[in-house]
Amino acid sequence: MPDISEKQRQTIKALRSALLQVGEDMTLPTLSALLTVAIEPGISVNELADRIGVPQQSASRYSSILLARYQSAIGGEPKSPLILQEVNPDEPRKRALYLTPKGQAMVSRISEVLDDDGKE
C-alpha cells in the first residue's frame, strides 16, 4: 500500500486540526454551507444549494441550523446563530446570508489552524 507524502500528511493533519475547531454538533455539509457563506457573503439559499451541490431543501435546512432555528430539546445551552439572514438589497424578495460575529470567529479559527499547521 503506497504511503502518502510528508506534504500530504501535514495537509491532512492541518485539516483534522481545523475540523476539531467546529465541535461535534456540526456536520460536514453544514460546515460546507458555513464556509460557502464566508466565501460569498450575501449568497441566497438557492445559490448555496448550487455551490455545495445539494437540493434547495437541504441547503435551507443547513441554513436553518446555522441560523440556530433548531434548538436542542434536551437541556444544554441555546445555540447562537453562526449566520444571519437579511433582505437582499438588490432583490427585496430574496434573502441574503451573512456570517454573524460568532460565525466569523469560527471561520477565522479554522483558517488560522490551517495556516499554522500547514507551516510545520
# chains A, B, ... in the order shown; residues from 1 in each chain; ligands from 1
call {"tool": "residues_around", "arguments": {"residues": "Leu19 in chain A", "least_positions_apart": "4", "cutoff": "10 Å", "atoms": "only C-alpha atoms", "output": "MDAnalysis selection string"}}
result
chainID A and resid 13:15 23:24 26 28 31 109:110 113:114
call {"tool": "select_by_dssp", "arguments": {"residues": "range 33-89 of chain A", "states": "helix (DSSP H, G or I)", "output": "number ranges by chain"}}
result
A: 33-39, 45-52, 56-66
call {"tool": "atom_distance", "arguments": {"atom1": "CA of Val54 in chain A", "atom2": "CA of Pro29 in chain A"}}
result
9.0 Å
call {"tool": "residues_around", "arguments": {"residues": "Leu35 in chain A", "least_positions_apart": "2", "cutoff": "12 Å", "atoms": "only C-alpha atoms", "output": "ChimeraX atom specification"}}
result
/A:19,22,28-33,37-41,43,48,51-52,62-63,66,82-83,97-99,103-108,110-111
call {"tool": "write_last_selection", "arguments": {"atoms": "C-alpha atoms", "output": "mmCIF file, in the first residue's frame"}}
result
data_model
loop_
_atom_site.group_PDB
_atom_site.id
_atom_site.type_symbol
_atom_site.label_atom_id
_atom_site.label_comp_id
_atom_site.auth_asym_id
_atom_site.auth_seq_id
_atom_site.Cartn_x
_atom_site.Cartn_y
_atom_site.Cartn_z
ATOM 1 C CA LEU A 19 -12.221 20.330 11.806
ATOM 2 C CA VAL A 22 -16.069 23.287 14.781
ATOM 3 C CA LEU A 28 -19.642 18.371 7.207
ATOM 4 C CA PRO A 29 -22.493 19.567 4.931
ATOM 5 C CA THR A 30 -23.397 22.267 7.474
ATOM 6 C CA LEU A 31 -19.738 23.269 7.739
ATOM 7 C CA SER A 32 -19.565 23.407 3.950
ATOM 8 C CA ALA A 33 -22.577 25.739 3.979
ATOM 9 C CA VAL A 37 -21.389 31.875 3.198
ATOM 10 C CA ALA A 38 -17.952 33.057 4.367
ATOM 11 C CA ILE A 39 -16.617 32.928 0.805
ATOM 12 C CA GLU A 40 -19.707 34.530 -0.753
ATOM 13 C CA PRO A 41 -21.373 36.916 1.723
ATOM 14 C CA ILE A 43 -25.463 34.409 -1.081
ATOM 15 C CA LEU A 48 -25.923 27.993 -1.644
ATOM 16 C CA ARG A 51 -22.483 25.833 -4.708
ATOM 17 C CA ILE A 52 -22.481 22.882 -2.312
ATOM 18 C CA TYR A 62 -28.401 23.724 6.722
ATOM 19 C CA SER A 63 -29.013 27.468 6.786
ATOM 20 C CA LEU A 66 -26.681 27.850 11.136
ATOM 21 C CA LEU A 82 -23.424 31.485 13.016
ATOM 22 C CA ILE A 83 -25.134 33.241 10.089
ATOM 23 C CA LEU A 97 -26.966 35.071 4.110
ATOM 24 C CA TYR A 98 -24.058 36.593 6.051
ATOM 25 C CA LEU A 99 -21.781 35.451 8.870
ATOM 26 C CA GLY A 103 -19.622 32.597 12.596
ATOM 27 C CA GLN A 104 -16.746 34.840 11.545
ATOM 28 C CA ALA A 105 -14.803 33.828 14.664
ATOM 29 C CA MET A 106 -15.296 30.138 13.862
ATOM 30 C CA VAL A 107 -14.181 30.589 10.248
ATOM 31 C CA SER A 108 -11.169 32.601 11.452
ATOM 32 C CA ILE A 110 -10.425 27.238 11.168
ATOM 33 C CA SER A 111 -8.343 29.385 8.828
#
call {"tool": "atom_distance", "arguments": {"atom1": "CA of Arg61 in chain A", "atom2": "CA of Thr100 in chain A"}}
result
17.7 Å
call {"tool": "residues_around", "arguments": {"residues": "Tyr70 in chain A", "least_positions_apart": "5", "cutoff": "10 Å", "atoms": "only C-alpha atoms", "output": "NGL selection string"}}
result
:A and (61 or 64-65 or 78-79)
call {"tool": "write_last_selection", "arguments": {"atoms": "C-alpha atoms", "output": "mmCIF file, in the first residue's frame"}}
result
data_model
loop_
_atom_site.group_PDB
_atom_site.id
_atom_site.type_symbol
_atom_site.label_atom_id
_atom_site.label_comp_id
_atom_site.auth_asym_id
_atom_site.auth_seq_id
_atom_site.Cartn_x
_atom_site.Cartn_y
_atom_site.Cartn_z
ATOM 1 C CA ARG A 61 -32.158 23.024 6.414
ATOM 2 C CA SER A 64 -31.735 26.994 9.430
ATOM 3 C CA ILE A 65 -29.252 25.074 11.566
ATOM 4 C CA PRO A 78 -29.273 27.510 23.412
ATOM 5 C CA LYS A 79 -27.176 27.754 20.271
#
call {"tool": "residues_around", "arguments": {"residues": "Val87 in chain A", "least_positions_apart": "2", "cutoff": "6 Å", "atoms": "only C-alpha atoms", "output": "JSON list (two decimals) with C-alpha atoms, in the first residue's frame"}}
result
[["chain", "number", "residue", "atom", "x", "y", "z"],
["A", 92, "PRO", "CA", -36.07, 42.59, -1.93],
["A", 95, "ARG", "CA", -32.91, 36.72, 1.36],
["A", 96, "ALA", "CA", -29.14, 37.06, 1.69]]
call {"tool": "closest_residue", "arguments": {"among": "A:Ser80, A:Ser44, A:Gln56, A:Gln8", "to": "Arg93 in chain A", "atoms": "only C-alpha atoms"}}
result
A:Ser44
call {"tool": "atom_distance", "arguments": {"atom1": "CA of Leu20 in chain A", "atom2": "CA of Asn46 in chain A"}}
result
28.5 Å
call {"tool": "closest_residue", "arguments": {"among": "A:Ser17, A:Gln10, A:Ser5, A:Gln85", "to": "Val45 in chain A", "atoms": "only C-alpha atoms"}}
result
A:Gln85
